[in-house]
Amino acid sequence: MSATAAAGLIPAIPPISDAFRATMRRFPATVTVISACRNGADHGMTATAVTSLSMDPPSLIICLNNRTYLHDMLLEVPEFAVSVLTHEQVSVSEGFSGKIAPERRFEAADWVRHERGMMVLDSAHAAVICRRMGAVPYGTHTIFIGQVIDTRLSNDTTPLMYENSNYCAPQHAPFTSHN
């Protein structure tokens, strides 16, 4: 019998937020850099909360903490870019996660200015340019809805993934026939 039980105390149950955090750490996610430009100033940050929303119209959602500078930018600018990193671009992810000062982040790789004004990683696995169509606040984050206006795709790269505090790359499961 534990000391807690012997004393007649009920052990504390961890809050659901702790269990949810532990569970989400095990959800593999594609690593992206979301970028925007406001009044000639570029900014970007690493994010994994990005997913498709609809094919008609083509759109995706990104979720940003409402305390970030990029969050404030996206409330003001009409468009943003999502660059999907390759498995060889861990240093880009880390730089845009805060290891490089915001004003120097775009110096660290082959960023190019898209015709719509924001920076896009030229060697990205994929890139999606979006027009912001909505911003839905929820808890500590805002869900930004972006209608796709341009895309780029590399057929010769593997995306960078993140799971349980580790970078990784996807492996294709062996195909088995169920005849």
# chains A, B, ... in the order shown; residues from 1 in each chain; ligands from 1

call {"tool": "select_by_dssp", "arguments": {"residues": "range 48-114 of chain A", "states": "alpha helix (DSSP H)", "output": "compact mmCIF listing (two decimals) with N, CA and C atoms, in the first residue's frame"}}
result
# COMPACT_ATOMS: atom_id res chain seq x y z
N TYR A 69 4.57 36.68 -33.06
CA TYR A 69 4.63 37.82 -33.97
C TYR A 69 3.98 37.45 -35.31
N LEU A 70 4.22 36.22 -35.79
CA LEU A 70 3.63 35.81 -37.06
C LEU A 70 2.10 35.80 -36.98
N HIS A 71 1.57 35.41 -35.85
CA HIS A 71 0.11 35.45 -35.66
C HIS A 71 -0.42 36.86 -35.92
N ASP A 72 0.23 37.86 -35.31
CA ASP A 72 -0.21 39.24 -35.50
C ASP A 72 -0.07 39.67 -36.96
N MET A 73 1.01 39.23 -37.61
CA MET A 73 1.19 39.57 -39.03
C MET A 73 0.06 39.00 -39.87
N LEU A 74 -0.29 37.72 -39.62
CA LEU A 74 -1.30 37.08 -40.46
C LEU A 74 -2.69 37.66 -40.25
N LEU A 75 -2.90 38.33 -39.15
CA LEU A 75 -4.17 39.04 -38.97
C LEU A 75 -4.25 40.28 -39.85
N GLU A 76 -3.09 40.77 -40.30
CA GLU A 76 -3.03 42.00 -41.09
C GLU A 76 -2.77 41.80 -42.56
N VAL A 90 16.82 20.11 -41.38
CA VAL A 90 16.64 20.23 -39.93
C VAL A 90 17.15 21.58 -39.45
N SER A 91 18.28 22.04 -39.98
CA SER A 91 18.84 23.32 -39.53
C SER A 91 17.90 24.49 -39.86
N VAL A 92 17.16 24.40 -40.96
CA VAL A 92 16.18 25.44 -41.29
C VAL A 92 15.07 25.43 -40.24
N SER A 93 14.58 24.24 -39.91
CA SER A 93 13.54 24.13 -38.89
C SER A 93 14.00 24.72 -37.57
N GLU A 94 15.19 24.35 -37.15
CA GLU A 94 15.70 24.86 -35.87
C GLU A 94 15.91 26.36 -35.91

call {"tool": "closest_atom_pairs", "arguments": {"of": "range 37-84 of chain A", "to": "range 137-143 of chain A", "cutoff": "12 Å", "atoms": "only C-alpha atoms", "output": "tab-separated table"}}
result
residue	atom	partner	partner_atom	distance
A:Ala49	CA	A:Ile143	CA	9.4
A:Val50	CA	A:Ile143	CA	9.6
A:Thr51	CA	A:Ile143	CA	10.8
A:Leu53	CA	A:Ile143	CA	11.3
A:Leu60	CA	A:Ile143	CA	10.0
A:Ile61	CA	A:Ile143	CA	6.4
A:Ile62	CA	A:Ile143	CA	5.8
A:Cys63	CA	A:Ile143	CA	4.5
A:Leu64	CA	A:His141	CA	5.3
A:Asn65	CA	A:His141	CA	4.2
A:Asn66	CA	A:His141	CA	5.0
A:Arg67	CA	A:Thr140	CA	8.0
A:Thr68	CA	A:His141	CA	9.6
A:Leu70	CA	A:Thr142	CA	11.2
A:His71	CA	A:Thr142	CA	7.7
A:Asp72	CA	A:Thr142	CA	10.2
A:Leu74	CA	A:Thr142	CA	10.0
A:Leu75	CA	A:Thr142	CA	9.6

call {"tool": "residues_around", "arguments": {"residues": "Asp110 in chain A", "least_positions_apart": "4", "cutoff": "8 Å", "atoms": "only C-alpha atoms", "output": "PDB file with C-alpha atoms, in the first residue's frame"}}
result
ATOM      1  CA  PHE A 106      16.022  34.004 -44.332  1.00  0.00           C
ATOM      2  CA  LEU A 121      12.105  28.127 -49.657  1.00  0.00           C
ATOM      3  CA  ASP A 122      13.320  27.305 -53.167  1.00  0.00           C
ATOM      4  CA  SER A 123      14.548  23.818 -52.197  1.00  0.00           C
TER       5      SER A 123
END

call {"tool": "atom_distance", "arguments": {"atom1": "CA of Tyr162 in chain A", "atom2": "CA of Lys99 in chain A"}}
result
17.1 Å

call {"tool": "residues_around", "arguments": {"residues": "Arg131 in chain A", "least_positions_apart": "5", "cutoff": "12 Å", "atoms": "only C-alpha atoms", "output": "PyMOL selection string"}}
result
chain A and resi 36+57-61+74-82+116-118+144-150

call {"tool": "atom_distance", "arguments": {"atom1": "CA of Tyr167 in chain A", "atom2": "CA of Phe20 in chain A"}}
result
20.3 Å

call {"tool": "residues_around", "arguments": {"residues": "Ala101 in chain A", "least_positions_apart": "6", "cutoff": "12 Å", "atoms": "only C-alpha atoms", "output": "PDB file with N, CA, C and O atoms, in the first residue's frame"}}
result
ATOM      1  N   HIS A  43       8.960  37.682 -42.119  1.00  0.00           N
ATOM      2  CA  HIS A  43       9.005  36.911 -40.881  1.00  0.00           C
ATOM      3  C   HIS A  43       8.523  35.500 -41.181  1.00  0.00           C
ATOM      4  O   HIS A  43       7.719  35.276 -42.086  1.00  0.00           O
ATOM      5  N   GLY A  44       9.045  34.554 -40.415  1.00  0.00           N
ATOM      6  CA  GLY A  44       8.624  33.170 -40.574  1.00  0.00           C
ATOM      7  C   GLY A  44       8.879  32.398 -39.304  1.00  0.00           C
ATOM      8  O   GLY A  44       9.689  32.803 -38.468  1.00  0.00           O
ATOM      9  N   MET A  45       8.178  31.282 -39.171  1.00  0.00           N
ATOM     10  CA  MET A  45       8.390  30.414 -38.019  1.00  0.00           C
ATOM     11  C   MET A  45       8.059  28.972 -38.379  1.00  0.00           C
ATOM     12  O   MET A  45       7.265  28.706 -39.283  1.00  0.00           O
ATOM     13  N   GLU A  94      15.188  24.351 -37.145  1.00  0.00           N
ATOM     14  CA  GLU A  94      15.703  24.856 -35.871  1.00  0.00           C
ATOM     15  C   GLU A  94      15.909  26.363 -35.905  1.00  0.00           C
ATOM     16  O   GLU A  94      15.607  27.059 -34.934  1.00  0.00           O
ATOM     17  N   GLY A  95      16.403  26.875 -37.015  1.00  0.00           N
ATOM     18  CA  GLY A  95      16.598  28.316 -37.134  1.00  0.00           C
ATOM     19  C   GLY A  95      15.308  29.088 -37.012  1.00  0.00           C
ATOM     20  O   GLY A  95      15.238  30.107 -36.326  1.00  0.00           O
ATOM     21  N   GLU A 107      18.462  34.285 -44.263  1.00  0.00           N
ATOM     22  CA  GLU A 107      19.817  34.235 -44.797  1.00  0.00           C
ATOM     23  C   GLU A 107      20.366  32.815 -44.798  1.00  0.00           C
ATOM     24  O   GLU A 107      21.345  32.539 -45.481  1.00  0.00           O
ATOM     25  N   ALA A 108      19.773  31.922 -44.038  1.00  0.00           N
ATOM     26  CA  ALA A 108      20.352  30.605 -43.776  1.00  0.00           C
ATOM     27  C   ALA A 108      20.080  29.551 -44.845  1.00  0.00           C
ATOM     28  O   ALA A 108      20.587  28.460 -44.757  1.00  0.00           O
TER      29      ALA A 108
END

call {"tool": "closest_residue", "arguments": {"among": "A:Phe96, A:Leu85, A:Ser154, A:Asp42", "to": "Val112 in chain A", "atoms": "only C-alpha atoms"}}
result
A:Asp42

call {"tool": "closest_residue", "arguments": {"among": "A:Met119, A:Ala173, A:Val136, A:Leu153", "to": "Gly40 in chain A", "atoms": "only C-alpha atoms"}}
result
A:Met119

call {"tool": "closest_residue", "arguments": {"among": "A:Ala41, A:Ala47, A:Leu160, A:Val84", "to": "Arg104 in chain A", "atoms": "only C-alpha atoms"}}
result
A:Ala41

call {"tool": "residues_around", "arguments": {"residues": "Pro170 in chain A", "least_positions_apart": "4", "cutoff": "10 Å", "atoms": "only C-alpha atoms", "output": "PyMOL selection string"}}
result
chain A and resi 28+30+87+158-162

call {"tool": "write_last_selection", "arguments": {"atoms": "C-alpha atoms", "output": "mmCIF file, in the first residue's frame"}}
result
data_model
loop_
_atom_site.group_PDB
_atom_site.id
_atom_site.type_symbol
_atom_site.label_atom_id
_atom_site.label_comp_id
_atom_site.auth_asym_id
_atom_site.auth_seq_id
_atom_site.Cartn_x
_atom_site.Cartn_y
_atom_site.Cartn_z
ATOM 1 C CA PRO A 28 4.013 12.454 -36.449
ATOM 2 C CA THR A 30 5.221 17.345 -41.322
ATOM 3 C CA HIS A 87 14.503 15.640 -44.406
ATOM 4 C CA THR A 158 11.478 13.384 -48.758
ATOM 5 C CA PRO A 159 9.585 15.547 -46.242
ATOM 6 C CA LEU A 160 10.899 16.253 -42.769
ATOM 7 C CA MET A 161 8.696 14.908 -39.979
ATOM 8 C CA TYR A 162 8.637 15.519 -36.234
#
